[in-house]
file protein.pdb (PDB, C-alpha atoms and all ligand atoms)
ATOM      1  CA  MET A   1      79.014 124.519  89.337
ATOM      2  CA  GLU A   2      75.294 124.430  89.812
ATOM      3  CA  LYS A   3      74.544 125.460  93.393
ATOM      4  CA  LYS A   4      72.417 122.393  94.052
ATOM      5  CA  ILE A   5      75.100 119.987  92.837
ATOM      6  CA  ALA A   6      77.766 121.881  94.749
ATOM      7  CA  PHE A   7      75.673 121.652  97.853
ATOM      8  CA  LEU A   8      74.965 117.940  97.449
ATOM      9  CA  LEU A   9      78.640 117.316  96.811
ATOM     10  CA  TYR A  10      79.476 119.311  99.895
ATOM     11  CA  VAL A  11      76.936 117.479 102.020
ATOM     12  CA  SER A  12      78.188 114.095 100.926
ATOM     13  CA  LEU A  13      81.840 115.068 101.288
ATOM     14  CA  GLY A  14      81.209 116.691 104.624
ATOM     15  CA  LEU A  15      79.792 113.597 106.281
ATOM     16  CA  SER A  16      83.046 111.890 107.019
ATOM     17  CA  GLN A  17      86.540 111.636 105.770
ATOM     18  CA  ALA A  18      86.109 107.961 104.894
ATOM     19  CA  GLN A  19      83.044 108.724 102.841
ATOM     20  CA  SER A  20      84.706 111.578 100.970
ATOM     21  CA  GLN A  21      87.413 109.175  99.909
ATOM     22  CA  GLU A  22      84.785 106.923  98.347
ATOM     23  CA  ILE A  23      82.813 109.646  96.642
ATOM     24  CA  LEU A  24      85.664 111.557  95.011
ATOM     25  CA  PRO A  25      86.731 109.870  91.784
ATOM     26  CA  THR A  26      89.768 107.654  92.262
ATOM     27  CA  ILE A  27      92.977 108.912  90.774
ATOM     28  CA  PRO A  28      94.618 106.738  88.124
ATOM     29  CA  ASP A  29      98.256 105.723  88.816
ATOM     30  CA  TYR A  30      99.423 107.451  85.629
ATOM     31  CA  PHE A  31      97.813 110.832  86.366
ATOM     32  CA  ASP A  32     101.208 112.570  86.758
ATOM     33  CA  ILE A  33     103.219 110.471  84.280
ATOM     34  CA  VAL A  34     103.991 111.746  80.784
ATOM     35  CA  THR A  35     101.811 109.924  78.248
ATOM     36  CA  ALA A  36     103.291 109.243  74.791
ATOM     37  CA  ASP A  37     101.281 110.150  71.707
ATOM     38  CA  ILE A  38      98.900 112.663  73.267
ATOM     39  CA  MET A  39      98.795 116.354  72.444
ATOM     40  CA  LYS A  40     100.796 118.444  74.878
ATOM     41  CA  GLY A  41     100.337 121.961  76.209
ATOM     42  CA  LYS A  42     103.143 124.531  76.373
ATOM     43  CA  VAL A  43     104.647 126.588  79.161
ATOM     44  CA  ASP A  44     105.525 130.206  78.310
ATOM     45  CA  THR A  45     107.691 132.457  80.444
ATOM     46  CA  ILE A  46     106.361 136.008  80.629
ATOM     47  CA  HIS A  47     107.757 139.223  82.102
ATOM     48  CA  TYR A  48     105.116 141.736  83.116
ATOM     49  CA  PRO A  49     105.657 145.292  84.308
ATOM     50  CA  SER A  50     104.608 145.609  87.956
ATOM     51  CA  LYS A  51     103.720 149.097  89.168
ATOM     52  CA  THR A  52     103.127 147.505  92.568
ATOM     53  CA  VAL A  53     106.681 146.228  92.983
ATOM     54  CA  GLY A  54     108.397 148.677  90.634
ATOM     55  CA  ASN A  55     110.098 146.200  88.314
ATOM     56  CA  ASP A  56     109.383 143.539  85.716
ATOM     57  CA  ARG A  57     108.228 140.289  87.277
ATOM     58  CA  THR A  58     108.324 136.729  85.905
ATOM     59  CA  ALA A  59     105.417 134.296  85.658
ATOM     60  CA  LEU A  60     104.803 131.071  83.746
ATOM     61  CA  VAL A  61     101.730 130.435  81.627
ATOM     62  CA  TYR A  62     100.533 126.937  80.692
ATOM     63  CA  THR A  63      98.554 126.978  77.472
ATOM     64  CA  PRO A  64      96.577 123.786  76.831
ATOM     65  CA  PRO A  65      97.011 121.292  73.953
ATOM     66  CA  GLY A  66      95.780 122.821  70.701
ATOM     67  CA  PHE A  67      95.904 126.342  72.096
ATOM     68  CA  THR A  68      94.911 128.924  69.484
ATOM     69  CA  LYS A  69      94.500 132.687  69.502
ATOM     70  CA  ASP A  70      91.223 132.123  67.649
ATOM     71  CA  ALA A  71      89.588 130.629  70.739
ATOM     72  CA  LYS A  72      88.866 132.113  74.163
ATOM     73  CA  TYR A  73      90.002 130.648  77.441
ATOM     74  CA  SER A  74      89.261 130.803  81.142
ATOM     75  CA  VAL A  75      92.194 131.400  83.507
ATOM     76  CA  LEU A  76      93.320 129.665  86.685
ATOM     77  CA  TYR A  77      95.889 131.550  88.765
ATOM     78  CA  LEU A  78      97.815 128.832  90.664
ATOM     79  CA  LEU A  79      99.968 129.971  93.570
ATOM     80  CA  HIS A  80     103.031 128.503  95.311
ATOM     81  CA  GLY A  81     104.083 128.131  98.960
ATOM     82  CA  ILE A  82     106.437 129.947 101.317
ATOM     83  CA  GLY A  83     109.536 128.101 100.121
ATOM     84  CA  GLY A  84     108.674 128.465  96.460
ATOM     85  CA  ASP A  85     108.522 130.829  93.535
ATOM     86  CA  GLU A  86     106.975 130.847  90.045
ATOM     87  CA  PHE A  87     108.801 127.581  89.238
ATOM     88  CA  GLU A  88     107.710 125.600  92.314
ATOM     89  CA  TRP A  89     104.576 124.038  90.866
ATOM     90  CA  LEU A  90     106.283 123.199  87.567
ATOM     91  CA  THR A  91     109.349 121.641  89.187
ATOM     92  CA  ASN A  92     107.600 119.694  91.933
ATOM     93  CA  GLY A  93     104.014 119.255  90.807
ATOM     94  CA  GLN A  94     104.204 118.561  87.052
ATOM     95  CA  PRO A  95     100.959 120.486  86.514
ATOM     96  CA  HIS A  96     101.542 120.438  82.738
ATOM     97  CA  VAL A  97     101.675 116.613  82.786
ATOM     98  CA  ILE A  98      98.583 116.288  84.990
ATOM     99  CA  LEU A  99      96.655 118.751  82.829
ATOM    100  CA  ASP A 100      97.830 117.254  79.500
ATOM    101  CA  ASN A 101      96.575 113.855  80.664
ATOM    102  CA  LEU A 102      93.251 115.318  81.741
ATOM    103  CA  TYR A 103      92.831 117.119  78.402
ATOM    104  CA  ALA A 104      93.559 113.852  76.574
ATOM    105  CA  GLY A 105      90.641 112.334  78.504
ATOM    106  CA  GLU A 106      88.450 115.377  77.728
ATOM    107  CA  LYS A 107      88.091 116.110  81.430
ATOM    108  CA  LEU A 108      88.924 119.824  81.474
ATOM    109  CA  ALA A 109      87.365 123.049  80.277
ATOM    110  CA  PRO A 110      89.707 125.114  78.060
ATOM    111  CA  MET A 111      91.840 127.182  80.422
ATOM    112  CA  LEU A 112      95.217 128.812  80.825
ATOM    113  CA  VAL A 113      97.040 128.214  84.080
ATOM    114  CA  VAL A 114      99.165 131.129  85.254
ATOM    115  CA  LEU A 115     101.949 130.375  87.744
ATOM    116  CA  PRO A 116     102.944 133.709  89.293
ATOM    117  CA  ASN A 117     105.535 134.615  91.880
ATOM    118  CA  GLY A 118     103.428 135.429  94.945
ATOM    119  CA  ARG A 119     106.215 137.122  96.892
ATOM    120  CA  ALA A 120     105.643 140.663  95.639
ATOM    121  CA  MET A 121     108.970 142.341  96.403
ATOM    122  CA  LYS A 122     112.048 143.267  94.377
ATOM    123  CA  ASN A 123     114.060 140.222  95.420
ATOM    124  CA  ASP A 124     111.343 137.606  95.126
ATOM    125  CA  ARG A 125     113.614 134.545  95.372
ATOM    126  CA  ALA A 126     112.954 132.034  98.173
ATOM    127  CA  GLU A 127     116.335 132.634  99.763
ATOM    128  CA  GLY A 128     117.618 133.575 103.217
ATOM    129  CA  ASN A 129     115.025 133.310 105.982
ATOM    130  CA  ILE A 130     111.837 132.633 104.051
ATOM    131  CA  PHE A 131     109.832 133.466 107.213
ATOM    132  CA  ASP A 132     111.288 137.038 107.443
ATOM    133  CA  ARG A 133     108.590 139.550 108.235
ATOM    134  CA  GLU A 134     109.093 141.509 105.009
ATOM    135  CA  LYS A 135     109.009 138.306 102.934
ATOM    136  CA  VAL A 136     105.766 137.165 104.549
ATOM    137  CA  ALA A 137     104.351 140.697 104.065
ATOM    138  CA  ALA A 138     105.209 140.413 100.354
ATOM    139  CA  PHE A 139     102.713 137.527 100.075
ATOM    140  CA  ALA A 140     100.001 139.986 101.177
ATOM    141  CA  ALA A 141     101.314 142.701  98.824
ATOM    142  CA  PHE A 142     100.804 140.239  95.958
ATOM    143  CA  GLU A 143      97.068 140.975  95.980
ATOM    144  CA  LYS A 144      97.674 144.385  94.397
ATOM    145  CA  ASP A 145     100.308 143.032  91.987
ATOM    146  CA  LEU A 146      97.901 140.319  90.843
ATOM    147  CA  LEU A 147      94.832 142.508  90.475
ATOM    148  CA  THR A 148      96.399 145.622  88.973
ATOM    149  CA  ASP A 149      99.490 144.315  87.142
ATOM    150  CA  LEU A 150      99.433 140.600  86.306
ATOM    151  CA  ILE A 151      95.752 140.032  85.459
ATOM    152  CA  PRO A 152      95.630 143.078  83.139
ATOM    153  CA  TYR A 153      98.830 141.848  81.430
ATOM    154  CA  ILE A 154      97.396 138.355  80.876
ATOM    155  CA  GLU A 155      94.130 139.789  79.600
ATOM    156  CA  ALA A 156      95.941 142.126  77.182
ATOM    157  CA  ASN A 157      98.254 139.423  75.818
ATOM    158  CA  TYR A 158      96.231 136.194  75.737
ATOM    159  CA  PRO A 159      92.817 135.347  74.277
ATOM    160  CA  VAL A 160      90.981 135.041  77.589
ATOM    161  CA  TYR A 161      87.602 135.885  79.049
ATOM    162  CA  MET A 162      87.743 138.783  81.474
ATOM    163  CA  ASP A 163      84.774 138.156  83.752
ATOM    164  CA  ARG A 164      84.658 136.548  87.193
ATOM    165  CA  GLU A 165      82.919 133.384  85.919
ATOM    166  CA  HIS A 166      85.994 132.606  83.813
ATOM    167  CA  ARG A 167      88.593 133.416  86.488
ATOM    168  CA  ALA A 168      89.788 131.032  89.228
ATOM    169  CA  ILE A 169      92.396 131.308  91.960
ATOM    170  CA  ALA A 170      93.930 128.460  93.945
ATOM    171  CA  GLY A 171      97.189 127.656  95.624
ATOM    172  CA  LEU A 172      99.098 125.591  98.125
ATOM    173  CA  SER A 173      99.877 126.601 101.709
ATOM    174  CA  MET A 174     100.870 130.329 101.665
ATOM    175  CA  GLY A 175      99.353 130.322  98.174
ATOM    176  CA  GLY A 176      96.220 128.683  99.597
ATOM    177  CA  GLY A 177      95.935 131.472 102.157
ATOM    178  CA  GLN A 178      96.477 134.037  99.391
ATOM    179  CA  SER A 179      93.819 132.377  97.219
ATOM    180  CA  LEU A 180      91.236 132.412 100.002
ATOM    181  CA  ASN A 181      92.120 135.980 101.066
ATOM    182  CA  ILE A 182      92.238 137.394  97.546
ATOM    183  CA  GLY A 183      89.481 135.275  95.992
ATOM    184  CA  LEU A 184      86.931 135.676  98.777
ATOM    185  CA  GLY A 185      87.937 139.311  99.247
ATOM    186  CA  ASN A 186      87.273 140.056  95.565
ATOM    187  CA  LEU A 187      84.178 138.097  94.643
ATOM    188  CA  ASP A 188      83.580 140.544  91.804
ATOM    189  CA  LYS A 189      86.765 139.146  90.218
ATOM    190  CA  PHE A 190      86.734 135.413  91.079
ATOM    191  CA  ALA A 191      83.893 132.881  91.029
ATOM    192  CA  TRP A 192      86.121 129.817  91.619
ATOM    193  CA  VAL A 193      88.367 129.680  94.690
ATOM    194  CA  GLY A 194      90.529 126.909  96.136
ATOM    195  CA  GLY A 195      92.778 126.624  99.191
ATOM    196  CA  PHE A 196      95.072 123.583  99.353
ATOM    197  CA  SER A 197      96.602 123.044 102.834
ATOM    198  CA  SER A 198      96.219 126.743 103.541
ATOM    199  CA  ALA A 199      98.790 128.406 105.830
ATOM    200  CA  PRO A 200      98.413 130.788 108.836
ATOM    201  CA  ASN A 201      98.333 133.760 106.438
ATOM    202  CA  THR A 202      94.681 132.761 105.852
ATOM    203  CA  LYS A 203      92.410 135.422 107.370
ATOM    204  CA  PRO A 204      90.024 134.240 110.118
ATOM    205  CA  PRO A 205      86.784 132.845 108.609
ATOM    206  CA  VAL A 206      84.589 135.748 109.706
ATOM    207  CA  GLU A 207      86.990 138.190 108.032
ATOM    208  CA  LEU A 208      87.223 136.040 104.913
ATOM    209  CA  ILE A 209      83.450 135.832 104.615
ATOM    210  CA  PRO A 210      81.698 138.623 106.517
ATOM    211  CA  ASP A 211      78.538 138.148 104.418
ATOM    212  CA  PRO A 212      77.892 134.388 104.090
ATOM    213  CA  LYS A 213      74.699 134.802 102.092
ATOM    214  CA  ALA A 214      76.322 136.997  99.457
ATOM    215  CA  ALA A 215      79.396 134.753  99.242
ATOM    216  CA  GLY A 216      77.296 131.591  98.928
ATOM    217  CA  LYS A 217      75.350 133.187  96.108
ATOM    218  CA  ALA A 218      78.406 134.510  94.261
ATOM    219  CA  LEU A 219      80.696 131.489  94.391
ATOM    220  CA  SER A 220      80.616 128.836  91.683
ATOM    221  CA  LEU A 221      83.088 126.726  93.655
ATOM    222  CA  LEU A 222      84.778 127.051  97.002
ATOM    223  CA  TRP A 223      87.267 124.242  97.570
ATOM    224  CA  VAL A 224      89.020 123.671 100.915
ATOM    225  CA  SER A 225      91.400 120.733 101.279
ATOM    226  CA  CYS A 226      94.286 119.521 103.400
ATOM    227  CA  GLY A 227      96.310 116.419 104.134
ATOM    228  CA  GLY A 228      95.024 114.545 107.173
ATOM    229  CA  GLN A 229      98.530 114.473 108.690
ATOM    230  CA  ASP A 230      99.343 118.127 107.914
ATOM    231  CA  ASN A 231     100.198 120.277 110.972
ATOM    232  CA  LEU A 232      98.266 123.163 109.392
ATOM    233  CA  ILE A 233      94.963 121.258 109.107
ATOM    234  CA  ARG A 234      93.264 123.301 111.849
ATOM    235  CA  ILE A 235      93.117 126.259 109.435
ATOM    236  CA  SER A 236      91.162 124.320 106.807
ATOM    237  CA  GLN A 237      89.104 122.558 109.486
ATOM    238  CA  GLN A 238      88.059 125.868 111.105
ATOM    239  CA  LEU A 239      87.118 127.370 107.764
ATOM    240  CA  HIS A 240      85.099 124.258 106.886
ATOM    241  CA  GLU A 241      83.243 124.497 110.208
ATOM    242  CA  TYR A 242      82.446 128.183 109.627
ATOM    243  CA  LEU A 243      81.227 127.428 106.091
ATOM    244  CA  ASP A 244      79.134 124.587 107.437
ATOM    245  CA  THR A 245      77.620 126.660 110.256
ATOM    246  CA  ASN A 246      76.769 129.475 107.865
ATOM    247  CA  GLY A 247      75.350 127.272 105.116
ATOM    248  CA  ILE A 248      77.939 128.191 102.502
ATOM    249  CA  PRO A 249      78.245 125.482  99.799
ATOM    250  CA  HIS A 250      81.792 124.209  99.471
ATOM    251  CA  VAL A 251      83.896 121.120  98.906
ATOM    252  CA  TYR A 252      85.893 120.022 101.921
ATOM    253  CA  HIS A 253      88.395 117.302 101.183
ATOM    254  CA  VAL A 254      90.802 115.742 103.656
ATOM    255  CA  GLU A 255      93.433 113.607 101.938
ATOM    256  CA  ALA A 256      93.734 110.577 104.222
ATOM    257  CA  GLY A 257      97.289 110.232 105.562
ATOM    258  CA  GLY A 258      98.407 113.230 103.504
ATOM    259  CA  LYS A 259     101.267 115.430 104.691
ATOM    260  CA  HIS A 260     102.318 118.967 103.748
ATOM    261  CA  ASP A 261     103.732 118.029 100.361
ATOM    262  CA  PHE A 262     103.230 117.761  96.622
ATOM    263  CA  ALA A 263     101.826 114.242  96.819
ATOM    264  CA  VAL A 264      98.724 115.961  98.245
ATOM    265  CA  TRP A 265      98.792 119.118  96.080
ATOM    266  CA  LYS A 266      99.094 117.184  92.810
ATOM    267  CA  LYS A 267      95.944 115.272  93.701
ATOM    268  CA  ASP A 268      94.255 118.534  94.672
ATOM    269  CA  LEU A 269      95.060 119.992  91.261
ATOM    270  CA  PHE A 270      93.828 116.823  89.536
ATOM    271  CA  ARG A 271      90.480 116.979  91.347
ATOM    272  CA  PHE A 272      89.971 120.752  91.599
ATOM    273  CA  SER A 273      90.806 121.492  87.949
ATOM    274  CA  GLN A 274      88.096 119.102  86.730
ATOM    275  CA  LEU A 275      85.427 121.087  88.570
ATOM    276  CA  LEU A 276      86.409 124.437  87.058
ATOM    277  CA  PHE A 277      84.452 126.459  84.528
ATOM    278  CA  LYS A 278      81.696 123.881  84.223
ATOM    279  CA  PRO A 279      77.982 124.411  84.782
TER     280      PRO A 279
HETATM  281  C1  LIG B   1     103.583 129.398 109.353
HETATM  282  C2  LIG B   1     103.658 128.071 108.987
HETATM  283  C3  LIG B   1     103.691 127.699 107.636
HETATM  284  C4  LIG B   1     103.533 130.381 108.343
HETATM  285  C5  LIG B   1     103.566 130.012 107.007
HETATM  286  C6  LIG B   1     103.652 128.673 106.653
HETATM  287  C7  LIG B   1     103.497 132.686 107.817
HETATM  288  C8  LIG B   1     103.696 128.339 105.221
HETATM  289  C9  LIG B   1     103.995 127.128 104.743
HETATM  290  C10 LIG B   1     104.068 126.895 103.282
HETATM  291  O1  LIG B   1     103.798 127.794 102.477
HETATM  292  O2  LIG B   1     104.381 125.761 102.908
HETATM  293  O3  LIG B   1     103.541 129.782 110.631
HETATM  294  O4  LIG B   1     103.453 131.675 108.754
END
call {"tool": "encode", "arguments": {"input": "protein.pdb", "output": "structure tokens"}}
result
Amino acid sequence: MEKKIAFLLYVSLGLSQAQSQEILPTIPDYFDIVTADIMKGKVDTIHYPSKTVGNDRTALVYTPPGFTKDAKYSVLYLLHGIGGDEFEWLTNGQPHVILDNLYAGEKLAPMLVVLPNGRAMKNDRAEGNIFDREKVAAFAAFEKDLLTDLIPYIEANYPVYMDREHRAIAGLSMGGGQSLNIGLGNLDKFAWVGGFSSAPNTKPPVELIPDPKAAGKALSLLWVSCGGQDNLIRISQQLHEYLDTNGIPHVYHVEAGGKHDFAVWKKDLFRFSQLLFKP
């Protein structure tokens, strides 16, 4: 996004929650309902060799309506929460339905959406105590799996651009924290970063962005959002305040009345995806 537009958007959204509700486009009732007679995307299941974890790992890949190997696509890596796995978004968020509808309305840039498993350990199922120390640590270990195993696999097997301007990372809760940590920590790899209802795995703002000027210059979009009734909102709020204080353009969106659930994250995907990979 053009810096000036991003900044204006940020300024207007930042003024007040009520105002941000007016300025963001309203969401049609049918945004997550299957529409008959439109072209549909597909969801592939892939198994990629992970040197990081030491086994083959599963991810899903949404390819958009009309996908062809003769074209080239941007990629959004879309991450799940602490109770989820690579199927969480698909099962609970219907991202394929939301995106199909947006493509039918010509609202999206051509992109693949990769749904990885962000718990980078041999048993990566969300079972037992999902808050176990080693399971939480596996969400941090995912950075290496993503950067050195999954992204190279996607780029070797799909017709995608391989530069930062065509690569986005976003996620919900633990996945929001991962997206902010990984995206902002690797600005040479990601120009588009989104945290939805980010969890306490999010690094403190000054660690996330030690060089505000460089980050502000590098980012095409930094999106921070949370439900207004979410117990984790202080994390997004504190990041927003740091971004504000340090003059870093961003979108801050509080979903009025929103809780820590997919009602909020589906709307986040609807809004965030439309901003991606556009001038
Ligand atoms: C915590 C509270 C919530 C935490 C993680 C979460 C690691 C994650 C929630 C989610 O992913 O939905 O204290 O610590």
call {"tool": "resolve_selection", "arguments": {"input": "protein.pdb", "expression": "the PyMOL selection byres (((not hetatm)) within 7 of (chain B and resi 1))", "output": "PyMOL selection string"}}
result
chain A and resi 81-83+131+136+172-175+199-201
call {"tool": "resolve_selection", "arguments": {"input": "protein.pdb", "expression": "the PyMOL selection byres (((chain A and resi 90-92) around 9) and not hetatm)", "output": "list in words"}}
result
Leu60, Glu86, Phe87, Glu88, Trp89, Gly93, Gln94, Pro95, His96, Leu115, Phe262 and Lys266 of chain A
call {"tool": "write_last_selection", "arguments": {"input": "protein.pdb", "atoms": "C-alpha atoms", "output": "JSON list (two decimals), in the frame of the given file"}}
result
[["chain", "number", "residue", "atom", "x", "y", "z"],
["A", 60, "LEU", "CA", 104.80, 131.07, 83.75],
["A", 86, "GLU", "CA", 106.98, 130.85, 90.04],
["A", 87, "PHE", "CA", 108.80, 127.58, 89.24],
["A", 88, "GLU", "CA", 107.71, 125.60, 92.31],
["A", 89, "TRP", "CA", 104.58, 124.04, 90.87],
["A", 93, "GLY", "CA", 104.01, 119.26, 90.81],
["A", 94, "GLN", "CA", 104.20, 118.56, 87.05],
["A", 95, "PRO", "CA", 100.96, 120.49, 86.51],
["A", 96, "HIS", "CA", 101.54, 120.44, 82.74],
["A", 115, "LEU", "CA", 101.95, 130.38, 87.74],
["A", 262, "PHE", "CA", 103.23, 117.76, 96.62],
["A", 266, "LYS", "CA", 99.09, 117.18, 92.81]]
call {"tool": "closest_residue", "arguments": {"input": "protein.pdb", "among": "A:Asp268, A:Glu127, A:Glu207, A:Asp145", "to": "A:Asn181", "atoms": "only C-alpha atoms"}}
result
A:Glu207
call {"tool": "closest_atom_pairs", "arguments": {"input": "protein.pdb", "of": "stretch 175-261 of chain A", "to": "stretch 23-34 of chain A", "cutoff": "12 Å", "atoms": "all atoms listed in the file", "output": "tab-separated table"}}
result
residue	atom	partner	partner_atom	distance
A:Val251	CA	A:Leu24	CA	10.5
A:Tyr252	CA	A:Leu24	CA	10.9
A:His253	CA	A:Leu24	CA	8.9
A:Val254	CA	A:Leu24	CA	10.9
A:Glu255	CA	A:Leu24	CA	10.6
call {"tool": "residues_near_point", "arguments": {"input": "protein.pdb", "point": "(106.1, 129.5, 76.1)", "cutoff": "9 Å", "atoms": "all atoms listed in the file", "output": "PyMOL selection string"}}
result
chain A and resi 42-46+60-63
call {"tool": "residues_around", "arguments": {"input": "protein.pdb", "residues": "A:Ala71", "least_positions_apart": "2", "cutoff": "9 Å", "atoms": "only C-alpha atoms", "output": "PDB file with C-alpha atoms, keeping the file's coordinate frame"}}
result
ATOM      1  CA  PHE A  67      95.904 126.342  72.096  1.00  0.00           C
ATOM      2  CA  THR A  68      94.911 128.924  69.484  1.00  0.00           C
ATOM      3  CA  LYS A  69      94.500 132.687  69.502  1.00  0.00           C
ATOM      4  CA  TYR A  73      90.002 130.648  77.441  1.00  0.00           C
ATOM      5  CA  PRO A 159      92.817 135.347  74.277  1.00  0.00           C
ATOM      6  CA  VAL A 160      90.981 135.041  77.589  1.00  0.00           C
TER       7      VAL A 160
END
call {"tool": "resolve_selection", "arguments": {"input": "protein.pdb", "expression": "the PyMOL selection byres (((chain A and resi 105) around 12) and not hetatm)", "output": "ChimeraX atom specification"}}
result
/A:28,31,35,38-39,65,98-104,106-109,274
call {"tool": "write_last_selection", "arguments": {"input": "protein.pdb", "atoms": "C-alpha atoms", "output": "mmCIF file, in the frame of the given file"}}
result
data_model
loop_
_atom_site.group_PDB
_atom_site.id
_atom_site.type_symbol
_atom_site.label_atom_id
_atom_site.label_comp_id
_atom_site.auth_asym_id
_atom_site.auth_seq_id
_atom_site.Cartn_x
_atom_site.Cartn_y
_atom_site.Cartn_z
ATOM 1 C CA PRO A 28 94.618 106.738 88.124
ATOM 2 C CA PHE A 31 97.813 110.832 86.366
ATOM 3 C CA THR A 35 101.811 109.924 78.248
ATOM 4 C CA ILE A 38 98.900 112.663 73.267
ATOM 5 C CA MET A 39 98.795 116.354 72.444
ATOM 6 C CA PRO A 65 97.011 121.292 73.953
ATOM 7 C CA ILE A 98 98.583 116.288 84.990
ATOM 8 C CA LEU A 99 96.655 118.751 82.829
ATOM 9 C CA ASP A 100 97.830 117.254 79.500
ATOM 10 C CA ASN A 101 96.575 113.855 80.664
ATOM 11 C CA LEU A 102 93.251 115.318 81.741
ATOM 12 C CA TYR A 103 92.831 117.119 78.402
ATOM 13 C CA ALA A 104 93.559 113.852 76.574
ATOM 14 C CA GLU A 106 88.450 115.377 77.728
ATOM 15 C CA LYS A 107 88.091 116.110 81.430
ATOM 16 C CA LEU A 108 88.924 119.824 81.474
ATOM 17 C CA ALA A 109 87.365 123.049 80.277
ATOM 18 C CA GLN A 274 88.096 119.102 86.730
#
call {"tool": "closest_residue", "arguments": {"input": "protein.pdb", "among": "A:Ile233, A:Asp56, A:Gln178, A:Ala170", "to": "A:Ser273", "atoms": "only C-alpha atoms"}}
result
A:Ala170
call {"tool": "residues_around", "arguments": {"input": "protein.pdb", "residues": "A:Ala191", "least_positions_apart": "3", "cutoff": "8 Å", "atoms": "only C-alpha atoms", "output": "list of chain:residue names"}}
result
A:Arg164, A:Glu165, A:His166, A:Arg167, A:Ala168, A:Gly183, A:Leu187, A:Asp188, A:Ala218, A:Leu219, A:Ser220, A:Leu221
call {"tool": "atom_distance", "arguments": {"input": "protein.pdb", "atom1": "atom CA of A:Gly177", "atom2": "atom CA of A:Pro110"}}
result
25.7 Å
call {"tool": "closest_residue", "arguments": {"input": "protein.pdb", "among": "A:Met121, A:Ala36, A:Ile235, A:Val75", "to": "A:Thr202", "atoms": "all atoms listed in the file"}}
result
A:Ile235
